[in-house]
>>> print(open('model-v7.txt').read())   # compact mmCIF, C-alpha atoms
# COMPACT_ATOMS: atom_id res chain seq x y z
CA MET M 1 -9.41 123.29 120.20
CA SER M 2 -11.65 120.25 120.67
CA LYS M 3 -15.31 120.27 119.80
CA LYS M 4 -17.59 120.25 122.86
CA GLU M 5 -19.60 117.05 123.12
CA SER M 6 -23.36 117.22 123.10
CA PHE M 7 -25.47 116.89 126.21
CA LEU M 8 -26.73 113.50 124.99
CA VAL M 9 -23.22 112.16 124.40
CA ASN M 10 -22.17 113.29 127.88
CA ARG M 11 -25.23 111.63 129.47
CA LEU M 12 -24.55 108.39 127.60
CA LYS M 13 -20.94 108.43 128.79
CA SER M 14 -22.12 109.03 132.36
CA VAL M 15 -24.48 106.07 132.16
CA GLY M 16 -21.62 103.97 130.81
CA TYR M 17 -19.36 104.95 133.73
CA ALA M 18 -22.16 104.21 136.20
CA PHE M 19 -22.78 100.81 134.63
CA LYS M 20 -19.05 100.06 134.75
CA GLY M 21 -19.03 100.98 138.45
CA ALA M 22 -22.03 98.77 139.20
CA VAL M 23 -20.45 95.81 137.40
CA TYR M 24 -17.17 96.37 139.26
CA LEU M 25 -19.03 96.50 142.57
CA ILE M 26 -20.90 93.26 141.88
CA ARG M 27 -17.77 91.46 140.67
CA THR M 28 -15.50 92.51 143.54
CA GLU M 29 -17.58 92.87 146.71
CA ALA M 30 -18.78 89.78 148.58
CA SER M 31 -21.52 91.66 150.43
CA ILE M 32 -23.14 92.94 147.25
CA LYS M 33 -23.04 89.42 145.80
CA ILE M 34 -25.05 88.24 148.82
CA GLN M 35 -27.46 91.15 148.36
CA VAL M 36 -27.91 90.31 144.66
CA PHE M 37 -28.67 86.72 145.65
CA ILE M 38 -31.24 87.89 148.21
CA ALA M 39 -32.74 90.28 145.65
CA ILE M 40 -33.16 87.38 143.21
CA LEU M 41 -34.78 85.25 145.94
CA VAL M 42 -37.31 87.91 146.95
CA THR M 43 -38.04 88.65 143.29
CA ILE M 44 -38.83 84.97 142.73
CA ALA M 45 -40.92 85.03 145.92
CA GLY M 46 -42.75 88.10 144.63
CA PHE M 47 -43.80 86.26 141.50
CA TYR M 48 -44.61 83.07 143.40
CA PHE M 49 -46.82 84.85 145.96
CA ASP M 50 -48.22 87.26 143.36
CA ILE M 51 -47.51 90.34 145.48
CA SER M 52 -49.40 93.56 144.77
CA LYS M 53 -48.07 96.51 142.76
CA THR M 54 -47.55 98.43 146.00
CA GLU M 55 -45.62 95.54 147.51
CA TRP M 56 -43.49 95.36 144.35
CA LEU M 57 -42.74 99.06 144.62
CA PHE M 58 -41.60 98.69 148.22
CA GLN M 59 -39.57 95.59 147.41
CA ILE M 60 -37.84 97.24 144.44
CA ALA M 61 -37.20 100.42 146.42
CA PHE M 62 -35.62 98.51 149.31
CA ILE M 63 -33.48 96.39 146.97
CA GLY M 64 -32.26 99.59 145.32
CA LEU M 65 -31.71 101.30 148.68
CA VAL M 66 -29.64 98.48 150.15
CA MET M 67 -27.52 98.03 147.02
CA SER M 68 -27.01 101.77 146.63
CA MET M 69 -25.97 102.11 150.25
CA GLU M 70 -23.55 99.21 149.81
CA GLY M 71 -22.06 100.96 146.79
CA MET M 72 -21.64 104.19 148.75
CA ASN M 73 -20.13 102.26 151.66
CA THR M 74 -17.62 100.63 149.33
CA ALA M 75 -16.74 103.98 147.78
CA ILE M 76 -16.22 105.49 151.24
CA GLU M 77 -13.99 102.57 152.23
CA TYR M 78 -11.90 102.96 149.05
CA ILE M 79 -11.46 106.70 149.43
CA SER M 80 -10.71 106.34 153.15
CA ASP M 81 -8.02 103.75 152.42
CA PHE M 82 -6.61 105.96 149.67
CA ILE M 83 -6.45 109.02 151.92
CA HIS M 84 -5.08 107.19 154.94
CA PRO M 85 -3.89 103.63 154.20
CA ASP M 86 -2.72 103.04 157.78
CA ARG M 87 -5.05 102.33 160.68
CA HIS M 88 -6.55 105.59 161.96
CA GLU M 89 -9.23 106.14 164.59
CA THR M 90 -11.19 108.77 162.63
CA ILE M 91 -11.05 106.78 159.38
CA GLY M 92 -12.31 103.79 161.36
CA LYS M 93 -15.28 105.82 162.63
CA ILE M 94 -16.05 107.02 159.11
CA LYS M 95 -16.06 103.43 157.82
CA ASP M 96 -18.18 102.25 160.76
CA ILE M 97 -20.76 104.98 160.12
CA ALA M 98 -20.94 104.07 156.41
CA ALA M 99 -21.34 100.39 157.29
CA GLY M 100 -23.99 101.37 159.84
CA ALA M 101 -25.98 103.10 157.12
CA VAL M 102 -25.97 99.87 155.09
CA PHE M 103 -27.04 97.97 158.20
CA ILE M 104 -29.99 100.34 158.79
CA ALA M 105 -31.11 99.94 155.16
CA ALA M 106 -30.75 96.14 155.31
CA VAL M 107 -32.73 95.86 158.57
CA SER M 108 -35.44 98.10 157.12
CA ALA M 109 -35.55 95.93 153.99
CA ALA M 110 -35.79 92.77 156.07
CA ILE M 111 -38.68 94.22 158.10
CA ALA M 112 -40.47 95.22 154.89
CA ALA M 113 -39.97 91.69 153.53
CA LEU M 114 -41.47 90.25 156.71
CA VAL M 115 -44.46 92.58 156.43
CA ILE M 116 -44.99 91.52 152.82
CA TYR M 117 -44.36 87.78 153.11
CA ILE M 118 -45.45 86.64 156.59
CA PRO M 119 -49.18 87.10 155.82
CA LYS M 120 -48.70 85.13 152.60
CA LEU M 121 -47.08 82.23 154.46
CA PHE M 122 -49.85 81.90 157.07
>>> encode(input="model-v7.txt", output="structure tokens")
Amino acid sequence: MSKKESFLVNRLKSVGYAFKGAVYLIRTEASIKIQVFIAILVTIAGFYFDISKTEWLFQIAFIGLVMSMEGMNTAIEYISDFIHPDRHETIGKIKDIAAGAVFIAAVSAAIAALVIYIPKLF
């Protein structure tokens, strides 16, 4: 009989698995690489334009939202391909909906960036 691991050990393992998943996502997915690049650019812009704490919060939240949605989209694509590797109309709809969710988050993030940065440019 194996000794049950402590709550703390289990949480640390979970964080490790999550970190491993994030690194895998960034290393393997072109779209997340683009999003990381954009996140770096707007972070630099945030420092350059000295955005407010509230603007930082929105910027960070939208970066996290877009990247999280991209991760979920990728997971949905992987599981869909695993379940049904061949072309299938319903699987296609599922993938399109997941990609649409990323699109909605990205458009929202872009609008927020325009609201933050256009007044600073003019």
>>> residues_around(input="model-v7.txt", residues="region 22-31 of chain M", least_positions_apart="6", cutoff="10 Å", atoms="only C-alpha atoms", output="VMD selection string")
chain M and resid 16 37 67 to 68 70 to 71 74 to 75
>>> write_last_selection(input="model-v7.txt", atoms="C-alpha atoms", output="compact mmCIF listing (two decimals), keeping the file's coordinate frame")
# COMPACT_ATOMS: atom_id res chain seq x y z
CA GLY M 16 -21.62 103.97 130.81
CA PHE M 37 -28.67 86.72 145.65
CA MET M 67 -27.52 98.03 147.02
CA SER M 68 -27.01 101.77 146.63
CA GLU M 70 -23.55 99.21 149.81
CA GLY M 71 -22.06 100.96 146.79
CA THR M 74 -17.62 100.63 149.33
CA ALA M 75 -16.74 103.98 147.78
>>> closest_residue(input="model-v7.txt", among="M:Ala105, M:Lys20, M:Met72, M:Ala39", to="Trp56 (chain M)", atoms="all atoms listed in the file")
M:Ala39
>>> closest_residue(input="model-v7.txt", among="M:Ile91, M:Ile97, M:Leu114, M:Ala106", to="Val66 (chain M)", atoms="all atoms listed in the file")
M:Ala106
>>> closest_residue(input="model-v7.txt", among="M:Ala109, M:Lys93, M:Gly100, M:Pro85", to="Ile60 (chain M)", atoms="only C-alpha atoms")
M:Ala109
>>> atom_distance(input="model-v7.txt", atom1="CA of Ile76 (chain M)", atom2="CA of Thr90 (chain M)")
12.9 Å
>>> atom_distance(input="model-v7.txt", atom1="CA of Tyr78 (chain M)", atom2="CA of Lys95 (chain M)")
9.7 Å
>>> axis_aligned_box(input="model-v7.txt", around="region 31-47 of chain M", padding_each_side="6 Å", output="AutoDock Vina command-line options")
--center_x -32.7 --center_y 89.0 --center_z 146.0 --size_x 34.3 --size_y 20.0 --size_z 20.9
>>> closest_residue(input="model-v7.txt", among="M:Phe62, M:Ala98, M:Lys4, M:Thr54", to="Glu77 (chain M)", atoms="all atoms listed in the file")
M:Ala98
>>> closest_residue(input="model-v7.txt", among="M:Ser108, M:Val36, M:Phe49, M:Leu12", to="Phe122 (chain M)", atoms="all atoms listed in the file")
M:Phe49
>>> build_atoms(input="model-v7.txt", residues="region 74-98 of chain M", atoms="N, CA and C atoms", output="PDB file, in the coordinates of the input")
ATOM      1  N   THR M  74     -18.844 101.092 149.980  1.00  0.00           N
ATOM      2  CA  THR M  74     -17.620 100.630 149.330  1.00  0.00           C
ATOM      3  C   THR M  74     -16.792 101.812 148.838  1.00  0.00           C
ATOM      4  N   ALA M  75     -17.449 102.795 148.246  1.00  0.00           N
ATOM      5  CA  ALA M  75     -16.740 103.980 147.780  1.00  0.00           C
ATOM      6  C   ALA M  75     -16.078 104.722 148.943  1.00  0.00           C
ATOM      7  N   ILE M  76     -16.780 104.829 150.060  1.00  0.00           N
ATOM      8  CA  ILE M  76     -16.220 105.490 151.240  1.00  0.00           C
ATOM      9  C   ILE M  76     -15.029 104.714 151.771  1.00  0.00           C
ATOM     10  N   GLU M  77     -15.122 103.387 151.787  1.00  0.00           N
ATOM     11  CA  GLU M  77     -13.990 102.570 152.230  1.00  0.00           C
ATOM     12  C   GLU M  77     -12.786 102.778 151.312  1.00  0.00           C
ATOM     13  N   TYR M  78     -13.007 102.780 149.999  1.00  0.00           N
ATOM     14  CA  TYR M  78     -11.900 102.960 149.050  1.00  0.00           C
ATOM     15  C   TYR M  78     -11.235 104.325 149.226  1.00  0.00           C
ATOM     16  N   ILE M  79     -12.043 105.363 149.318  1.00  0.00           N
ATOM     17  CA  ILE M  79     -11.460 106.700 149.430  1.00  0.00           C
ATOM     18  C   ILE M  79     -10.777 106.885 150.782  1.00  0.00           C
ATOM     19  N   SER M  80     -11.339 106.269 151.827  1.00  0.00           N
ATOM     20  CA  SER M  80     -10.710 106.340 153.150  1.00  0.00           C
ATOM     21  C   SER M  80      -9.348 105.650 153.131  1.00  0.00           C
ATOM     22  N   ASP M  81      -9.289 104.474 152.513  1.00  0.00           N
ATOM     23  CA  ASP M  81      -8.020 103.750 152.420  1.00  0.00           C
ATOM     24  C   ASP M  81      -7.009 104.483 151.551  1.00  0.00           C
ATOM     25  N   PHE M  82      -7.490 105.177 150.540  1.00  0.00           N
ATOM     26  CA  PHE M  82      -6.610 105.960 149.670  1.00  0.00           C
ATOM     27  C   PHE M  82      -6.030 107.149 150.423  1.00  0.00           C
ATOM     28  N   ILE M  83      -6.883 107.826 151.176  1.00  0.00           N
ATOM     29  CA  ILE M  83      -6.450 109.020 151.920  1.00  0.00           C
ATOM     30  C   ILE M  83      -5.518 108.647 153.066  1.00  0.00           C
ATOM     31  N   HIS M  84      -5.878 107.584 153.771  1.00  0.00           N
ATOM     32  CA  HIS M  84      -5.080 107.190 154.940  1.00  0.00           C
ATOM     33  C   HIS M  84      -4.980 105.669 154.991  1.00  0.00           C
ATOM     34  N   PRO M  85      -3.990 105.090 154.293  1.00  0.00           N
ATOM     35  CA  PRO M  85      -3.890 103.630 154.200  1.00  0.00           C
ATOM     36  C   PRO M  85      -3.635 102.931 155.546  1.00  0.00           C
ATOM     37  N   ASP M  86      -3.002 103.633 156.473  1.00  0.00           N
ATOM     38  CA  ASP M  86      -2.720 103.040 157.780  1.00  0.00           C
ATOM     39  C   ASP M  86      -3.959 103.124 158.669  1.00  0.00           C
ATOM     40  N   ARG M  87      -3.953 102.329 159.714  1.00  0.00           N
ATOM     41  CA  ARG M  87      -5.050 102.330 160.680  1.00  0.00           C
ATOM     42  C   ARG M  87      -5.138 103.715 161.337  1.00  0.00           C
ATOM     43  N   HIS M  88      -6.354 104.256 161.384  1.00  0.00           N
ATOM     44  CA  HIS M  88      -6.550 105.590 161.960  1.00  0.00           C
ATOM     45  C   HIS M  88      -7.926 105.630 162.622  1.00  0.00           C
ATOM     46  N   GLU M  89      -7.987 106.157 163.817  1.00  0.00           N
ATOM     47  CA  GLU M  89      -9.230 106.140 164.590  1.00  0.00           C
ATOM     48  C   GLU M  89     -10.380 106.856 163.860  1.00  0.00           C
ATOM     49  N   THR M  90     -10.128 108.014 163.308  1.00  0.00           N
ATOM     50  CA  THR M  90     -11.190 108.770 162.630  1.00  0.00           C
ATOM     51  C   THR M  90     -11.646 108.069 161.356  1.00  0.00           C
ATOM     52  N   ILE M  91     -10.690 107.534 160.591  1.00  0.00           N
ATOM     53  CA  ILE M  91     -11.050 106.780 159.380  1.00  0.00           C
ATOM     54  C   ILE M  91     -11.892 105.575 159.775  1.00  0.00           C
ATOM     55  N   GLY M  92     -11.531 104.924 160.868  1.00  0.00           N
ATOM     56  CA  GLY M  92     -12.310 103.790 161.360  1.00  0.00           C
ATOM     57  C   GLY M  92     -13.746 104.175 161.687  1.00  0.00           C
ATOM     58  N   LYS M  93     -13.918 105.335 162.316  1.00  0.00           N
ATOM     59  CA  LYS M  93     -15.280 105.820 162.630  1.00  0.00           C
ATOM     60  C   LYS M  93     -16.063 106.099 161.357  1.00  0.00           C
ATOM     61  N   ILE M  94     -15.399 106.713 160.384  1.00  0.00           N
ATOM     62  CA  ILE M  94     -16.050 107.020 159.110  1.00  0.00           C
ATOM     63  C   ILE M  94     -16.538 105.724 158.451  1.00  0.00           C
ATOM     64  N   LYS M  95     -15.683 104.714 158.414  1.00  0.00           N
ATOM     65  CA  LYS M  95     -16.060 103.430 157.820  1.00  0.00           C
ATOM     66  C   LYS M  95     -17.186 102.760 158.599  1.00  0.00           C
ATOM     67  N   ASP M  96     -17.121 102.841 159.928  1.00  0.00           N
ATOM     68  CA  ASP M  96     -18.180 102.250 160.760  1.00  0.00           C
ATOM     69  C   ASP M  96     -19.524 102.922 160.509  1.00  0.00           C
ATOM     70  N   ILE M  97     -19.513 104.240 160.379  1.00  0.00           N
ATOM     71  CA  ILE M  97     -20.760 104.980 160.120  1.00  0.00           C
ATOM     72  C   ILE M  97     -21.334 104.573 158.760  1.00  0.00           C
ATOM     73  N   ALA M  98     -20.474 104.474 157.743  1.00  0.00           N
ATOM     74  CA  ALA M  98     -20.940 104.070 156.410  1.00  0.00           C
ATOM     75  C   ALA M  98     -21.510 102.653 156.448  1.00  0.00           C
TER      76      ALA M  98
END
